[in-house]
file input-v2.txt (compact mmCIF, C-alpha atoms)
# COMPACT_ATOMS: atom_id res chain seq x y z
CA MET A 1 -24.45 -145.92 -141.63
CA LEU A 2 -23.62 -142.64 -143.32
CA TRP A 3 -26.12 -143.34 -146.09
CA ASN A 4 -28.89 -144.14 -143.58
CA THR A 5 -28.06 -140.96 -141.67
CA LEU A 6 -28.30 -138.95 -144.89
CA LEU A 7 -31.71 -140.48 -145.67
CA LEU A 8 -32.94 -139.62 -142.17
CA ALA A 9 -31.76 -136.03 -142.66
CA LEU A 10 -33.53 -135.72 -146.03
CA ARG A 11 -36.70 -137.23 -144.54
CA ALA A 12 -36.65 -134.68 -141.71
CA ILE A 13 -36.15 -131.83 -144.18
CA ARG A 14 -39.01 -133.05 -146.38
CA ARG A 15 -41.30 -133.43 -143.35
CA ASN A 16 -41.11 -129.65 -142.75
CA LEU A 17 -40.54 -128.53 -146.36
CA MET A 18 -41.77 -124.94 -146.09
CA ARG A 19 -39.76 -124.33 -142.94
CA SER A 20 -36.68 -125.84 -144.60
CA ILE A 21 -37.09 -123.56 -147.65
CA LEU A 22 -37.38 -120.49 -145.44
CA THR A 23 -34.36 -121.67 -143.44
CA ILE A 24 -32.06 -121.89 -146.46
CA LEU A 25 -33.31 -118.61 -147.94
CA GLY A 26 -30.57 -116.66 -146.19
CA ILE A 27 -27.91 -119.00 -147.61
CA VAL A 28 -29.43 -118.77 -151.11
CA ILE A 29 -29.44 -114.97 -151.04
CA GLY A 30 -25.93 -114.80 -149.57
CA VAL A 31 -24.34 -117.19 -152.08
CA ALA A 32 -26.20 -115.60 -155.02
CA ALA A 33 -25.22 -112.09 -153.93
CA VAL A 34 -21.52 -112.92 -153.46
CA ILE A 35 -21.19 -114.75 -156.79
CA THR A 36 -23.17 -112.11 -158.70
CA MET A 37 -21.15 -109.21 -157.27
CA VAL A 38 -17.80 -110.87 -157.95
CA THR A 39 -18.82 -112.01 -161.45
CA LEU A 40 -20.07 -108.55 -162.42
CA GLY A 41 -16.94 -107.00 -160.91
CA ASN A 42 -14.73 -109.29 -162.98
CA GLY A 43 -16.74 -108.43 -166.08
CA ALA A 44 -16.40 -104.71 -165.37
CA THR A 45 -12.64 -105.12 -164.91
CA ARG A 46 -12.36 -106.95 -168.23
CA SER A 47 -14.48 -104.28 -169.92
CA VAL A 48 -12.20 -101.52 -168.61
CA SER A 49 -9.12 -103.42 -169.81
CA ASP A 50 -10.64 -103.87 -173.26
CA GLN A 51 -11.54 -100.19 -173.46
CA ILE A 52 -8.00 -99.18 -172.49
CA SER A 53 -6.63 -101.55 -175.14
CA SER A 54 -8.88 -99.95 -177.74
CA MET A 55 -7.17 -96.61 -177.08
CA GLY A 56 -3.93 -98.08 -178.42
CA SER A 57 -1.22 -100.34 -177.11
CA ASN A 58 2.21 -99.06 -176.04
CA LEU A 59 0.80 -95.55 -176.08
CA LEU A 60 2.14 -92.46 -174.32
CA MET A 61 -0.03 -89.35 -174.00
CA VAL A 62 1.54 -85.96 -173.32
CA ALA A 63 -0.45 -82.91 -172.25
CA PRO A 64 0.44 -79.54 -170.70
CA GLY A 65 -0.21 -79.10 -166.98
CA GLN A 66 -0.07 -81.56 -164.13
CA ARG A 67 -3.29 -83.31 -165.09
CA PHE A 68 -5.31 -83.94 -168.22
CA GLY A 69 -8.40 -81.91 -168.99
CA PRO A 70 -9.52 -78.85 -167.00
CA GLY A 71 -6.88 -77.57 -164.64
CA SER A 72 -4.04 -77.43 -167.16
CA GLU A 73 -4.55 -73.70 -167.73
CA GLY A 74 -1.42 -71.64 -167.30
CA ALA A 75 0.92 -74.26 -168.75
CA PRO A 76 2.08 -73.44 -172.30
CA ASN A 77 0.88 -75.65 -175.12
CA PHE A 78 3.27 -77.55 -177.35
CA LYS A 79 4.64 -76.28 -180.66
CA SER A 80 5.27 -78.01 -183.96
CA ALA A 81 9.01 -77.85 -183.20
CA ASP A 82 8.42 -79.95 -180.08
CA VAL A 83 6.71 -82.62 -182.16
CA GLU A 84 9.55 -82.63 -184.70
CA ALA A 85 12.11 -82.95 -181.90
CA ILE A 86 10.24 -85.95 -180.47
CA ARG A 87 10.15 -87.57 -183.93
CA ASP A 88 13.86 -86.98 -184.50
CA GLN A 89 15.25 -87.90 -181.08
CA LEU A 90 13.02 -90.75 -179.90
CA THR A 91 14.17 -93.64 -182.08
CA ALA A 92 11.85 -96.06 -180.27
CA ALA A 93 8.76 -94.07 -181.27
CA ALA A 94 6.72 -95.81 -183.96
CA GLY A 95 4.49 -92.78 -184.47
CA VAL A 96 4.15 -89.27 -183.07
CA ALA A 97 0.76 -87.61 -183.47
CA PRO A 98 0.18 -83.96 -182.52
CA VAL A 99 -3.47 -83.34 -181.64
CA VAL A 100 -5.54 -80.18 -181.60
CA SER A 101 -9.13 -80.55 -180.37
CA LYS A 102 -12.07 -78.22 -180.84
CA THR A 103 -15.78 -78.68 -180.25
CA ALA A 104 -17.82 -77.73 -183.31
CA THR A 105 -21.16 -78.40 -184.96
CA ALA A 106 -21.16 -80.65 -188.01
CA VAL A 107 -24.00 -80.12 -190.52
CA TYR A 108 -25.22 -82.34 -193.35
CA GLN A 109 -28.34 -81.25 -195.20
CA ALA A 110 -31.04 -80.78 -192.51
CA ARG A 111 -29.15 -82.63 -189.78
CA ASN A 112 -26.59 -81.24 -187.34
CA TRP A 113 -24.54 -82.70 -184.51
CA SER A 114 -22.14 -81.16 -181.99
CA THR A 115 -18.93 -83.19 -181.94
CA VAL A 116 -15.21 -83.02 -181.22
CA VAL A 117 -12.99 -82.14 -184.15
CA ASN A 118 -9.45 -83.50 -183.80
CA GLY A 119 -6.71 -82.11 -186.00
CA SER A 120 -3.76 -84.46 -186.45
CA THR A 121 -1.69 -86.49 -188.90
CA ASN A 122 -1.96 -90.07 -190.14
CA ASP A 123 0.08 -91.12 -187.09
CA TYR A 124 -3.09 -90.40 -185.10
CA PHE A 125 -4.77 -93.49 -186.54
CA GLN A 126 -1.75 -95.70 -185.84
CA ALA A 127 -1.18 -94.41 -182.31
CA GLY A 128 -4.85 -94.62 -181.36
CA ASN A 129 -5.31 -98.11 -182.82
CA TRP A 130 -7.94 -96.81 -185.26
CA GLU A 131 -9.02 -98.82 -188.30
CA LEU A 132 -10.96 -97.60 -191.32
CA ALA A 133 -14.33 -99.17 -192.06
CA SER A 134 -14.34 -97.54 -195.48
CA GLY A 135 -12.55 -94.83 -197.42
CA ARG A 136 -8.97 -93.74 -196.84
CA SER A 137 -6.76 -91.63 -194.58
CA PHE A 138 -5.04 -88.33 -195.46
CA SER A 139 -2.58 -87.98 -198.32
CA GLU A 140 0.71 -86.14 -197.88
CA THR A 141 -0.55 -83.30 -200.06
CA GLU A 142 -3.71 -82.92 -197.96
CA GLU A 143 -1.71 -82.82 -194.72
CA ARG A 144 0.85 -80.36 -196.06
CA ALA A 145 -1.68 -78.02 -197.68
CA GLY A 146 -4.27 -78.26 -194.92
CA LYS A 147 -7.05 -79.41 -197.24
CA ALA A 148 -10.65 -79.49 -195.98
CA VAL A 149 -11.01 -83.28 -195.78
CA CYS A 150 -12.06 -85.41 -192.83
CA VAL A 151 -12.48 -88.91 -191.45
CA ILE A 152 -15.54 -89.35 -189.23
CA GLY A 153 -16.47 -91.71 -186.40
CA GLU A 154 -19.44 -94.09 -186.33
CA THR A 155 -21.53 -91.86 -184.02
CA VAL A 156 -21.16 -88.86 -186.33
CA ARG A 157 -22.11 -91.04 -189.33
CA GLU A 158 -25.21 -92.28 -187.51
CA LYS A 159 -26.32 -88.79 -186.45
CA LEU A 160 -25.73 -87.10 -189.81
CA PHE A 161 -26.06 -89.83 -192.44
CA GLY A 162 -28.13 -92.60 -190.82
CA ARG A 163 -27.30 -95.81 -192.67
CA GLN A 164 -25.97 -93.98 -195.72
CA ASN A 165 -22.31 -94.37 -196.69
CA PRO A 166 -20.77 -90.95 -195.90
CA VAL A 167 -17.60 -91.33 -197.99
CA GLY A 168 -17.60 -88.77 -200.81
CA SER A 169 -20.20 -86.52 -199.18
CA GLU A 170 -19.55 -83.05 -197.82
CA ILE A 171 -20.34 -81.84 -194.32
CA ARG A 172 -20.12 -78.28 -193.03
CA ILE A 173 -17.97 -77.48 -190.02
CA LYS A 174 -18.65 -73.92 -188.89
CA GLN A 175 -18.34 -71.85 -192.09
CA PHE A 176 -16.47 -74.23 -194.38
CA ALA A 177 -17.29 -77.42 -196.25
CA CYS A 178 -15.31 -80.59 -195.60
CA GLU A 179 -15.21 -83.70 -197.78
CA VAL A 180 -15.62 -87.01 -195.94
CA ILE A 181 -12.88 -89.31 -197.22
CA GLY A 182 -13.08 -92.08 -194.59
CA LEU A 183 -15.18 -93.76 -191.90
CA LEU A 184 -13.62 -95.17 -188.73
CA LYS A 185 -14.55 -98.55 -187.29
CA ALA A 186 -16.62 -98.27 -184.13
CA LYS A 187 -14.84 -98.51 -180.77
CA GLY A 188 -17.59 -97.66 -178.30
CA GLN A 189 -17.10 -95.92 -174.97
CA SER A 190 -13.68 -95.20 -173.55
CA ALA A 191 -12.65 -96.20 -170.03
CA MET A 192 -13.41 -92.61 -168.99
CA GLY A 193 -17.01 -92.94 -170.19
CA SER A 194 -16.72 -90.75 -173.31
CA ASP A 195 -17.87 -91.87 -176.75
CA GLN A 196 -14.75 -92.55 -178.82
CA ASP A 197 -16.80 -92.69 -182.02
CA ASP A 198 -18.11 -89.15 -181.61
CA THR A 199 -15.23 -87.57 -183.51
CA VAL A 200 -14.23 -85.87 -186.75
CA VAL A 201 -10.53 -86.10 -187.65
CA MET A 202 -8.99 -83.50 -189.98
CA PRO A 203 -5.43 -82.66 -191.03
CA LEU A 204 -3.64 -80.69 -188.30
CA ARG A 205 -3.09 -77.56 -190.41
CA THR A 206 -6.75 -77.47 -191.42
CA VAL A 207 -7.93 -77.29 -187.81
CA GLN A 208 -5.20 -74.81 -186.81
CA ARG A 209 -6.01 -72.51 -189.71
CA ARG A 210 -9.80 -72.72 -189.83
CA LEU A 211 -10.90 -73.51 -186.25
CA THR A 212 -8.34 -72.59 -183.58
CA GLY A 213 -6.50 -69.75 -185.35
CA SER A 214 -3.17 -70.65 -183.70
CA GLN A 215 -0.22 -73.00 -184.14
CA ASP A 216 -0.54 -74.40 -180.59
CA ILE A 217 -0.85 -78.16 -180.05
CA ASN A 218 -3.08 -79.38 -177.20
CA ARG A 219 -1.50 -82.79 -176.73
CA VAL A 220 0.84 -85.31 -178.30
CA THR A 221 0.36 -89.08 -178.52
CA VAL A 222 3.41 -91.28 -179.00
CA SER A 223 3.17 -94.96 -179.95
CA VAL A 224 6.17 -97.03 -178.87
CA LYS A 225 7.68 -99.74 -181.08
CA GLU A 226 7.03 -103.35 -180.11
CA GLY A 227 9.79 -104.68 -177.86
CA ALA A 228 10.96 -101.23 -176.74
CA SER A 229 10.83 -100.32 -173.05
CA ILE A 230 7.93 -97.95 -172.42
CA ASP A 231 9.52 -96.75 -169.18
CA ALA A 232 12.77 -95.90 -170.98
CA VAL A 233 10.94 -94.03 -173.75
CA LYS A 234 8.86 -92.21 -171.15
CA ALA A 235 12.02 -91.10 -169.30
CA GLN A 236 13.63 -89.91 -172.55
CA LEU A 237 10.49 -88.03 -173.56
CA THR A 238 10.23 -86.35 -170.16
CA GLN A 239 13.88 -85.26 -170.26
CA LEU A 240 13.54 -83.95 -173.82
CA LEU A 241 10.46 -81.87 -173.01
CA ARG A 242 12.05 -80.49 -169.83
CA GLU A 243 14.99 -79.26 -171.90
CA ARG A 244 12.80 -77.77 -174.61
CA ARG A 245 10.53 -76.04 -172.10
CA ASN A 246 13.51 -74.69 -170.08
CA ILE A 247 12.47 -76.32 -166.80
CA GLY A 248 15.12 -76.02 -164.09
CA GLU A 249 16.56 -78.96 -162.19
CA ASN A 250 14.56 -78.25 -159.04
CA GLU A 251 11.39 -77.18 -160.82
CA GLU A 252 8.35 -79.39 -161.36
CA ASP A 253 7.23 -80.45 -164.82
CA ASP A 254 4.59 -78.24 -166.43
CA PHE A 255 3.41 -81.20 -168.48
CA ARG A 256 2.38 -84.78 -167.84
CA VAL A 257 3.28 -88.01 -169.60
CA MET A 258 0.90 -90.89 -169.01
CA ASP A 259 0.85 -94.33 -170.58
CA THR A 260 -2.10 -96.63 -171.10
CA ARG A 261 -0.66 -99.13 -168.62
CA GLN A 262 -0.99 -96.60 -165.81
CA ILE A 263 -4.58 -95.85 -166.75
CA ALA A 264 -5.38 -99.56 -166.96
CA GLU A 265 -3.74 -100.34 -163.61
CA THR A 266 -5.52 -97.45 -161.89
CA LEU A 267 -8.98 -98.23 -163.23
CA THR A 268 -8.77 -102.03 -162.92
CA GLY A 269 -7.36 -101.65 -159.40
CA THR A 270 -10.34 -99.49 -158.48
CA THR A 271 -12.86 -101.98 -159.89
CA ARG A 272 -11.15 -104.87 -158.06
CA ILE A 273 -11.34 -103.03 -154.73
CA LEU A 274 -15.02 -102.25 -155.30
CA THR A 275 -15.65 -105.89 -156.23
CA MET A 276 -13.99 -107.10 -153.02
CA LEU A 277 -15.97 -104.57 -150.97
CA LEU A 278 -19.30 -105.56 -152.52
CA GLY A 279 -18.45 -109.25 -152.14
CA ALA A 280 -17.61 -108.74 -148.47
CA VAL A 281 -20.88 -106.88 -147.86
CA ALA A 282 -22.83 -109.63 -149.61
CA ALA A 283 -21.03 -112.29 -147.56
CA VAL A 284 -22.62 -110.87 -144.39
CA SER A 285 -25.94 -112.36 -145.51
CA LEU A 286 -24.27 -115.80 -145.44
CA LEU A 287 -23.62 -115.35 -141.72
CA VAL A 288 -27.22 -114.28 -141.25
CA GLY A 289 -28.28 -117.44 -143.09
CA GLY A 290 -26.07 -119.52 -140.80
CA ILE A 291 -27.71 -118.03 -137.73
CA GLY A 292 -31.10 -118.90 -139.26
CA ILE A 293 -30.01 -122.53 -139.69
CA MET A 294 -28.83 -122.73 -136.07
CA ASN A 295 -32.10 -121.25 -134.85
CA ILE A 296 -34.24 -123.73 -136.81
CA MET A 297 -32.06 -126.69 -135.82
CA LEU A 298 -32.48 -125.77 -132.15
CA VAL A 299 -36.25 -125.71 -132.67
CA SER A 300 -36.01 -129.07 -134.44
CA VAL A 301 -34.08 -130.58 -131.51
CA THR A 302 -36.78 -129.40 -129.10
CA GLU A 303 -39.59 -130.77 -131.28
CA ARG A 304 -37.89 -134.16 -131.71
CA THR A 305 -36.75 -134.66 -128.11
CA ARG A 306 -38.88 -137.79 -127.69
CA GLU A 307 -37.62 -139.23 -131.01
CA ILE A 308 -34.03 -138.65 -129.89
CA GLY A 309 -34.75 -140.30 -126.54
CA ILE A 310 -36.16 -143.44 -128.24
CA ARG A 311 -33.10 -143.69 -130.51
CA LEU A 312 -30.73 -143.36 -127.56
CA ALA A 313 -32.77 -145.84 -125.47
CA ILE A 314 -32.62 -148.59 -128.12
CA GLY A 315 -28.86 -148.32 -128.49
CA ALA A 316 -28.02 -145.39 -130.74
CA LEU A 317 -24.70 -143.81 -129.88
CA GLU A 318 -24.28 -140.14 -129.08
CA ARG A 319 -22.02 -139.65 -132.08
CA GLU A 320 -24.71 -141.15 -134.35
CA VAL A 321 -27.28 -138.63 -133.11
CA LEU A 322 -24.69 -135.87 -133.41
CA LEU A 323 -23.92 -136.94 -136.98
CA GLN A 324 -27.61 -137.08 -137.93
CA PHE A 325 -28.31 -133.47 -136.92
CA LEU A 326 -25.00 -132.25 -138.24
CA ILE A 327 -25.66 -133.81 -141.66
CA GLU A 328 -29.15 -132.32 -141.64
CA ALA A 329 -27.66 -128.84 -141.14
CA VAL A 330 -25.00 -129.42 -143.83
CA VAL A 331 -27.61 -130.69 -146.30
CA LEU A 332 -29.73 -127.60 -145.69
CA SER A 333 -26.84 -125.21 -146.22
CA SER A 334 -25.49 -127.16 -149.22
CA LEU A 335 -28.89 -127.10 -150.90
CA GLY A 336 -28.99 -123.38 -150.30
CA GLY A 337 -25.53 -123.09 -151.85
CA LEU A 338 -26.51 -125.01 -154.99
CA ILE A 339 -29.71 -123.01 -155.46
CA GLY A 340 -27.74 -119.80 -154.86
CA ILE A 341 -25.18 -120.75 -157.55
CA ALA A 342 -27.96 -121.45 -160.07
CA LEU A 343 -29.69 -118.17 -159.19
CA ALA A 344 -26.41 -116.23 -159.40
CA THR A 345 -25.61 -117.67 -162.84
CA GLY A 346 -28.92 -116.52 -164.27
CA ALA A 347 -28.74 -113.12 -162.57
CA SER A 348 -25.12 -112.55 -163.67
CA ILE A 349 -25.86 -113.34 -167.32
CA ALA A 350 -28.93 -111.07 -167.32
CA LEU A 351 -27.25 -108.15 -165.50
CA ALA A 352 -24.04 -108.40 -167.57
CA GLY A 353 -26.15 -108.08 -170.72
CA MET A 354 -28.03 -105.08 -169.32
CA MET A 355 -24.78 -103.37 -168.21
CA GLY A 356 -22.99 -104.11 -171.49
CA ILE A 357 -20.09 -105.97 -169.87
CA PRO A 358 -18.83 -109.50 -170.62
CA TYR A 359 -20.06 -112.44 -168.53
CA LEU A 360 -17.04 -114.28 -167.13
CA PHE A 361 -17.74 -117.56 -165.36
CA ASP A 362 -15.40 -117.86 -162.38
CA PRO A 363 -15.24 -121.49 -161.14
CA GLY A 364 -13.14 -120.39 -158.17
CA ILE A 365 -15.73 -118.08 -156.60
CA ASN A 366 -18.54 -120.58 -157.32
CA LEU A 367 -16.66 -123.43 -155.63
CA LEU A 368 -15.55 -121.21 -152.74
CA SER A 369 -19.11 -119.99 -152.13
CA PHE A 370 -20.46 -123.55 -152.12
CA LEU A 371 -17.76 -124.77 -149.71
CA PHE A 372 -18.34 -121.75 -147.51
CA SER A 373 -22.08 -122.47 -147.40
CA ALA A 374 -21.36 -126.12 -146.44
CA ALA A 375 -18.90 -124.93 -143.77
CA ILE A 376 -21.60 -122.67 -142.35
CA GLY A 377 -23.80 -125.76 -141.98
CA VAL A 378 -21.05 -127.48 -139.96
CA ILE A 379 -20.28 -124.44 -137.81
CA PHE A 380 -23.83 -123.35 -137.02
CA GLY A 381 -25.24 -126.87 -136.95
CA TYR A 382 -22.72 -128.26 -134.46
CA PHE A 383 -24.21 -126.65 -131.32
CA PRO A 384 -27.79 -127.90 -131.94
CA ALA A 385 -26.42 -131.34 -132.91
CA ARG A 386 -24.29 -131.46 -129.78
CA ARG A 387 -27.28 -130.52 -127.69
CA ALA A 388 -29.34 -133.33 -129.27
CA ALA A 389 -26.58 -135.89 -128.68
CA GLY A 390 -26.20 -134.83 -125.05
CA LEU A 391 -29.85 -135.42 -124.08
CA ASN A 392 -30.51 -137.86 -121.23
CA PRO A 393 -32.60 -140.74 -122.71
CA ILE A 394 -34.85 -140.93 -119.62
CA ASP A 395 -35.56 -137.18 -119.61
CA ALA A 396 -36.09 -137.28 -123.37
CA LEU A 397 -38.64 -140.12 -123.14
CA ARG A 398 -40.57 -138.25 -120.44
CA HIS A 399 -40.64 -135.07 -122.60
CA GLU A 400 -43.98 -134.02 -124.05
call {"tool": "encode", "arguments": {"input": "input-v2.txt", "output": "structure tokens"}}
result
Amino acid sequence: MLWNTLLLALRAIRRNLMRSILTILGIVIGVAAVITMVTLGNGATRSVSDQISSMGSNLLMVAPGQRFGPGSEGAPNFKSADVEAIRDQLTAAAGVAPVVSKTATAVYQARNWSTVVNGSTNDYFQAGNWELASGRSFSETEERAGKAVCVIGETVREKLFGRQNPVGSEIRIKQFACEVIGLLKAKGQSAMGSDQDDTVVMPLRTVQRRLTGSQDINRVTVSVKEGASIDAVKAQLTQLLRERRNIGENEEDDFRVMDTRQIAETLTGTTRILTMLLGAVAAVSLLVGGIGIMNIMLVSVTERTREIGIRLAIGALEREVLLQFLIEAVVLSSLGGLIGIALATGASIALAGMMGIPYLFDPGINLLSFLFSAAIGVIFGYFPARRAAGLNPIDALRHE
């Protein structure tokens, strides 16, 4: 009986094909929108996590002031003695890299490019999870003497050298020449949206002597040994810097220690909330599609009143008529769900490629959207089906 009922439902849908297509359009759009939004949101979350990981794992970043970037004015910078104290007293630190940053113009032959020059030690590459594509890092002699050597990022290579291998060439930074001894592997954008490859790394003393003119250190990055507790190291580092900066017991810190886990949790939490919000907004169109199905099914009941009356008069049961119209509504909504899933898959792949984020197929949201679309068919199809089953056969046969 169920199979015959399904065939009747398909026949009724095919009889008014254009109307059926327009009826399920709301379901198609709703399912496609929900799946696409959630899929892109998951891809964006993964992209943020990957970008945070590229900054370095088990990494602590210390900067003066209560927040990174602008707004830290007034808080004293760090000194070389602070860095040495961190190295000596934090046994769980795998590397401690002092960093001094300065924006400068790099020049090679007729080309020039404004970039960020970072002065640091070889610990900078370890802490920041940097790998060399070619060349080498600094030698002890170069670090100690403050030699004019540098390691450049992929963006700087592209802007100044094109496809040429830069290792061994000289670039000019302000008024002095600097030998390129290494090229960093590309990382791409950071989670904050900045280009990580737009950088020139020099020995710390070189930048202090030739660019900043002071011994101040803008920030310190500390990589924590595998297996060590980041929270414990963070607490020790905070206590050490409070003592060295003579901060009283009831006074607030004039520096901030942040780890990559916090950044990752904050940014991924934000993207998840936005994904849920967009998914919820898109789900509204599913309800609109359900109302469209109920409206068309009511019209269908009115058009087929005589047919229903004949079926009831020759012995069809009310529940059989109810089941026929209910299955017709479920088939409509389920077809809309399947088409919506197919449409969402294509749209998600295309948009993920355009946005530069990974495409992550989520079977959960696809299955949930399909079941939700089928449930809408049951919910919004029940009232028209009940109305059809409740018709009086005599009144239905007299209907024109």
call {"tool": "residues_near_point", "arguments": {"input": "input-v2.txt", "point": "(-1.8, -79.6, -171.5)", "cutoff": "7 Å", "atoms": "all atoms listed in the file", "output": "count of residues only"}}
result
10
call {"tool": "atom_distance", "arguments": {"input": "input-v2.txt", "atom1": "atom CA of Thr221 of chain A", "atom2": "atom CA of Leu240 of chain A"}}
result
14.9 Å
call {"tool": "atom_distance", "arguments": {"input": "input-v2.txt", "atom1": "atom CA of Asn112 of chain A", "atom2": "atom CA of Val151 of chain A"}}
result
16.6 Å
call {"tool": "closest_residue", "arguments": {"input": "input-v2.txt", "among": "A:Val96, A:Gln89, A:Phe138, A:Leu160", "to": "Arg111 of chain A", "atoms": "all atoms listed in the file"}}
result
A:Leu160
call {"tool": "residues_near_point", "arguments": {"input": "input-v2.txt", "point": "(-22.6, -92.7, -191.3)", "cutoff": "12 Å", "atoms": "only C-alpha atoms", "output": "NGL selection string"}}
result
:A and (108 or 133-135 or 151-169 or 171 or 180-186 or 197-200)
call {"tool": "atom_distance", "arguments": {"input": "input-v2.txt", "atom1": "atom CA of Arg46 of chain A", "atom2": "atom CA of Thr271 of chain A"}}
result
9.7 Å
call {"tool": "decode", "arguments": {"input": "input-v2.txt", "residues": "segment 153-165 of chain A", "atoms": "N, CA and C atoms", "output": "CSV table (one decimal), in the first residue's frame"}}
result
chain,number,residue,atom,x,y,z
A,153,GLY,N,61.6,37.5,3.8
A,153,GLY,CA,60.4,36.7,3.6
A,153,GLY,C,60.1,36.6,2.1
A,154,GLU,N,59.1,35.7,1.7
A,154,GLU,CA,58.8,35.4,0.4
A,154,GLU,C,58.2,36.7,-0.3
A,155,THR,N,57.4,37.5,0.4
A,155,THR,CA,56.8,38.7,-0.3
A,155,THR,C,57.9,39.7,-0.6
A,156,VAL,N,58.9,39.9,0.2
A,156,VAL,CA,60.0,40.8,-0.1
A,156,VAL,C,60.8,40.3,-1.3
A,157,ARG,N,61.0,38.9,-1.3
A,157,ARG,CA,61.8,38.4,-2.5
A,157,ARG,C,61.0,38.6,-3.8
A,158,GLU,N,59.7,38.4,-3.7
A,158,GLU,CA,58.9,38.6,-4.9
A,158,GLU,C,58.9,40.1,-5.4
A,159,LYS,N,58.8,41.0,-4.4
A,159,LYS,CA,58.8,42.4,-4.8
A,159,LYS,C,60.1,43.0,-5.3
A,160,LEU,N,61.2,42.5,-4.7
A,160,LEU,CA,62.5,43.0,-5.1
A,160,LEU,C,63.3,42.2,-6.1
A,161,PHE,N,63.1,40.8,-6.0
A,161,PHE,CA,63.9,40.0,-6.9
A,161,PHE,C,63.1,39.2,-7.9
A,162,GLY,N,61.8,39.3,-7.9
A,162,GLY,CA,61.0,38.5,-8.8
A,162,GLY,C,61.2,37.0,-8.5
A,163,ARG,N,61.6,36.2,-9.6
A,163,ARG,CA,61.8,34.8,-9.4
A,163,ARG,C,63.3,34.5,-9.1
A,164,GLN,N,64.1,35.5,-9.1
A,164,GLN,CA,65.6,35.3,-8.8
A,164,GLN,C,65.8,34.9,-7.4
A,165,ASN,N,66.9,34.0,-7.3
A,165,ASN,CA,67.3,33.6,-5.9
A,165,ASN,C,68.0,34.8,-5.3
